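As structure tokens, the structure follows; a few thoughts come after it.
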Amino acid sequence: MSFSTHVLDAVTGRPAAGLRVRLEHEGRVVAEGRTDADGRIKGWDAGPGVHRVVFDTGAYLAETFYPEVVVTFTVADPAEHHHVPLLLSPYAYSTYRGS
């Protein structure tokens, strides 16, 4: 399974560069890093099952109601690519299954 994410800062209208992100599978961290200058992480691998992607929003935003955003998702077909974008602001966020 390949995984990617793209984080956009809705306040500035720019990519969220340098945001810490980690991918967990079965309670273990399988990948971690920071978003690039375009707010992206790509090329992470993990197996089938339930995964959690954890965004460290508290360290990125100076003031936020959500110090951490956790998105839990299921990988049924490990041959597919899974893209989980995040649109972020201090008092709201949204996500969806991308392509």
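Within each chain, counting starts at residue 1; across the structure tokens, chains are named A, B, ... in the order shown, with ligands numbered 1 upward in that order.
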
Identify, on the basis of only C-alpha atoms, every residue whose closest approach to Ala46 (chain A) does not exceed 10 Å; exclude the query and any residue fewer than 4 positions from it along the same chain; express the result as a compact mmCIF listing (two decimals) with all heavy atoms, in the first residue's frame.
```txt
# COMPACT_ATOMS: atom_id res chain seq x y z
N MET A 1 0.85 -1.16 0.00
CA MET A 1 0.00 0.00 0.00
C MET A 1 0.89 1.22 0.00
O MET A 1 1.81 1.32 0.80
CB MET A 1 -0.86 -0.04 1.27
CG MET A 1 -1.90 1.04 1.46
SD MET A 1 -1.46 2.69 2.00
CE MET A 1 -1.08 2.50 3.71
N SER A 2 0.64 2.13 -0.90
CA SER A 2 1.37 3.39 -0.87
C SER A 2 0.46 4.47 -0.29
O SER A 2 -0.75 4.46 -0.49
CB SER A 2 1.87 3.78 -2.26
OG SER A 2 0.79 4.02 -3.13
N PHE A 3 1.06 5.37 0.46
CA PHE A 3 0.32 6.41 1.16
C PHE A 3 0.93 7.77 0.86
O PHE A 3 2.15 7.91 0.79
CB PHE A 3 0.38 6.16 2.67
CG PHE A 3 -0.16 7.31 3.49
CD1 PHE A 3 -1.51 7.41 3.73
CD2 PHE A 3 0.70 8.28 3.99
CE1 PHE A 3 -2.01 8.48 4.46
CE2 PHE A 3 0.21 9.34 4.72
CZ PHE A 3 -1.15 9.45 4.97
N LEU A 23 2.53 7.88 10.51
CA LEU A 23 1.60 6.84 10.08
C LEU A 23 1.75 5.66 11.02
O LEU A 23 2.87 5.19 11.26
CB LEU A 23 1.90 6.42 8.64
CG LEU A 23 0.98 5.38 8.02
CD1 LEU A 23 -0.45 5.91 7.90
CD2 LEU A 23 1.51 4.97 6.64
N GLU A 24 0.61 5.21 11.56
CA GLU A 24 0.61 4.08 12.50
C GLU A 24 -0.19 2.92 11.93
O GLU A 24 -1.18 3.14 11.22
CB GLU A 24 -0.02 4.52 13.83
CG GLU A 24 0.71 5.65 14.51
CD GLU A 24 0.01 6.14 15.76
OE1 GLU A 24 -1.11 5.66 16.06
OE2 GLU A 24 0.58 7.01 16.44
N HIS A 25 0.25 1.71 12.26
CA HIS A 25 -0.45 0.49 11.85
C HIS A 25 -0.35 -0.49 13.01
O HIS A 25 0.75 -0.78 13.48
CB HIS A 25 0.18 -0.09 10.59
CG HIS A 25 -0.49 -1.32 10.09
ND1 HIS A 25 0.16 -2.52 10.00
CD2 HIS A 25 -1.75 -1.54 9.64
CE1 HIS A 25 -0.66 -3.43 9.52
NE2 HIS A 25 -1.84 -2.85 9.30
N VAL A 30 4.88 3.31 11.69
CA VAL A 30 5.52 2.69 10.53
C VAL A 30 6.24 3.70 9.65
O VAL A 30 7.07 3.34 8.82
CB VAL A 30 4.53 1.86 9.70
CG1 VAL A 30 4.01 0.67 10.50
CG2 VAL A 30 3.37 2.69 9.19
N ALA A 31 5.90 4.99 9.83
CA ALA A 31 6.59 6.06 9.08
C ALA A 31 6.34 7.37 9.80
O ALA A 31 5.30 7.56 10.43
CB ALA A 31 6.08 6.13 7.65
N HIS A 51 -5.24 1.80 9.66
CA HIS A 51 -4.11 2.71 9.84
C HIS A 51 -4.60 4.01 10.46
O HIS A 51 -5.77 4.36 10.34
CB HIS A 51 -3.47 3.05 8.49
CG HIS A 51 -2.80 1.89 7.84
ND1 HIS A 51 -3.45 0.74 7.49
CD2 HIS A 51 -1.52 1.72 7.49
CE1 HIS A 51 -2.60 -0.10 6.95
NE2 HIS A 51 -1.42 0.48 6.94
N VAL A 75 -7.31 0.00 4.90
CA VAL A 75 -6.76 -0.43 3.61
C VAL A 75 -7.27 -1.82 3.34
O VAL A 75 -6.88 -2.78 4.01
CB VAL A 75 -5.22 -0.41 3.64
CG1 VAL A 75 -4.66 -0.98 2.35
CG2 VAL A 75 -4.71 1.00 3.89
N PRO A 78 -4.25 -3.63 -0.70
CA PRO A 78 -2.92 -3.05 -0.57
C PRO A 78 -2.28 -2.67 -1.90
O PRO A 78 -1.25 -1.99 -1.91
CB PRO A 78 -2.11 -4.14 0.14
CG PRO A 78 -2.87 -5.39 -0.05
CD PRO A 78 -4.31 -5.02 -0.26
```

So that I can check the surroundings of region 67-74 of chain A, please list as a PDB file with N, CA and C atoms, in the first residue's frame every protein, DNA and RNA residue that reaches within 8 Å of it, counting only C-alpha atoms and ignoring chain neighbours fewer than 2 positions away.
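Writing done, so here's out.pdb:
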```
ATOM      1  N   PRO A  48      -1.979  -4.028   4.617  1.00  0.00           N
ATOM      2  CA  PRO A  48      -3.430  -3.920   4.723  1.00  0.00           C
ATOM      3  C   PRO A  48      -3.877  -3.814   6.180  1.00  0.00           C
ATOM      4  N   GLY A  49      -5.094  -3.328   6.386  1.00  0.00           N
ATOM      5  CA  GLY A  49      -5.656  -3.213   7.731  1.00  0.00           C
ATOM      6  C   GLY A  49      -5.982  -1.780   8.092  1.00  0.00           C
ATOM      7  N   VAL A  50      -6.161  -1.548   9.379  1.00  0.00           N
ATOM      8  CA  VAL A  50      -6.523  -0.225   9.885  1.00  0.00           C
ATOM      9  C   VAL A  50      -5.254   0.571  10.169  1.00  0.00           C
ATOM     10  N   HIS A  51      -5.244   1.799   9.663  1.00  0.00           N
ATOM     11  CA  HIS A  51      -4.111   2.711   9.837  1.00  0.00           C
ATOM     12  C   HIS A  51      -4.603   4.009  10.465  1.00  0.00           C
ATOM     13  N   ARG A  52      -3.669   4.711  11.091  1.00  0.00           N
ATOM     14  CA  ARG A  52      -3.938   6.048  11.611  1.00  0.00           C
ATOM     15  C   ARG A  52      -2.855   6.976  11.087  1.00  0.00           C
ATOM     16  N   VAL A  53      -3.272   8.117  10.565  1.00  0.00           N
ATOM     17  CA  VAL A  53      -2.309   9.158  10.224  1.00  0.00           C
ATOM     18  C   VAL A  53      -2.534  10.281  11.233  1.00  0.00           C
ATOM     19  N   VAL A  54      -1.441  10.689  11.883  1.00  0.00           N
ATOM     20  CA  VAL A  54      -1.508  11.668  12.965  1.00  0.00           C
ATOM     21  C   VAL A  54      -0.766  12.929  12.531  1.00  0.00           C
ATOM     22  N   PHE A  55      -1.485  14.047  12.521  1.00  0.00           N
ATOM     23  CA  PHE A  55      -0.931  15.343  12.145  1.00  0.00           C
ATOM     24  C   PHE A  55      -0.686  16.155  13.421  1.00  0.00           C
ATOM     25  N   ASP A  56       0.528  16.622  13.648  1.00  0.00           N
ATOM     26  CA  ASP A  56       0.884  17.385  14.841  1.00  0.00           C
ATOM     27  C   ASP A  56       0.563  18.861  14.605  1.00  0.00           C
ATOM     28  N   THR A  57      -0.724  19.185  14.631  1.00  0.00           N
ATOM     29  CA  THR A  57      -1.178  20.535  14.323  1.00  0.00           C
ATOM     30  C   THR A  57      -0.830  21.538  15.422  1.00  0.00           C
ATOM     31  N   GLY A  58      -0.711  21.077  16.665  1.00  0.00           N
ATOM     32  CA  GLY A  58      -0.367  21.974  17.766  1.00  0.00           C
ATOM     33  C   GLY A  58       1.011  22.590  17.622  1.00  0.00           C
ATOM     34  N   ALA A  59       1.938  21.843  17.093  1.00  0.00           N
ATOM     35  CA  ALA A  59       3.288  22.365  16.888  1.00  0.00           C
ATOM     36  C   ALA A  59       3.363  23.266  15.654  1.00  0.00           C
ATOM     37  N   THR A  64      -4.441  26.841  18.292  1.00  0.00           N
ATOM     38  CA  THR A  64      -5.369  25.914  17.675  1.00  0.00           C
ATOM     39  C   THR A  64      -6.202  25.196  18.725  1.00  0.00           C
ATOM     40  N   PHE A  65      -7.430  24.925  18.394  1.00  0.00           N
ATOM     41  CA  PHE A  65      -8.319  24.148  19.248  1.00  0.00           C
ATOM     42  C   PHE A  65      -7.970  22.666  19.172  1.00  0.00           C
ATOM     43  N   ALA A  76      -8.175  -1.941   2.372  1.00  0.00           N
ATOM     44  CA  ALA A  76      -8.718  -3.244   1.991  1.00  0.00           C
ATOM     45  C   ALA A  76      -7.892  -3.872   0.876  1.00  0.00           C
TER      46      ALA A  76
END
```

Notebook entry, point to check: Could you pull out the helix (DSSP H, G or I) residues of region 49-93 of chain A from DSSP and send them as number ranges by chain?
Noted result: A: 57-60

Next item on the list: Among the residues of chain A, find those DSSP assigns to strand (DSSP E or B) from the backbone and print them as a PyMOL selection string.
Entry: chain A and resi 2-9+14-15+20-25+28-34+40-45+49-55+69-75+81-83+86-89+92-95+98

Item checked: Neighbour list for region 82-98 of chain A as a ChimeraX atom specification, cut-off 6 Å, only C-alpha atoms, skip fewer than 4 positions in-chain -> /A:3-11,64-65

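The coordinates place CA of Leu19 (chain A) at 5.8 Å from CA of Tyr60 (chain A).
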
Next item on the list: Can you work out which one of A:Gly13, A:His81, A:Arg20, A:Ala62 has the shortest atom-to-atom distance to Asp36 (chain A), counting only C-alpha atoms?
Entry: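 Smallest separation from Asp36 (chain A) among the options: A:Arg20.
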
Next item on the list: Just give me the gap between CA of Arg34 (chain A) and CA of Gly18 (chain A) in Å, one decimal is fine.
Entry: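 Answer for the CA of Arg34 (chain A) to CA of Gly18 (chain A) separation: 5.0 Å.
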
Next item on the list: Work out how far apart CA of Ala16 (chain A) and CA of Thr35 (chain A) are and give it in Å to one decimal.
Entry: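 It comes out at 7.1 Å.
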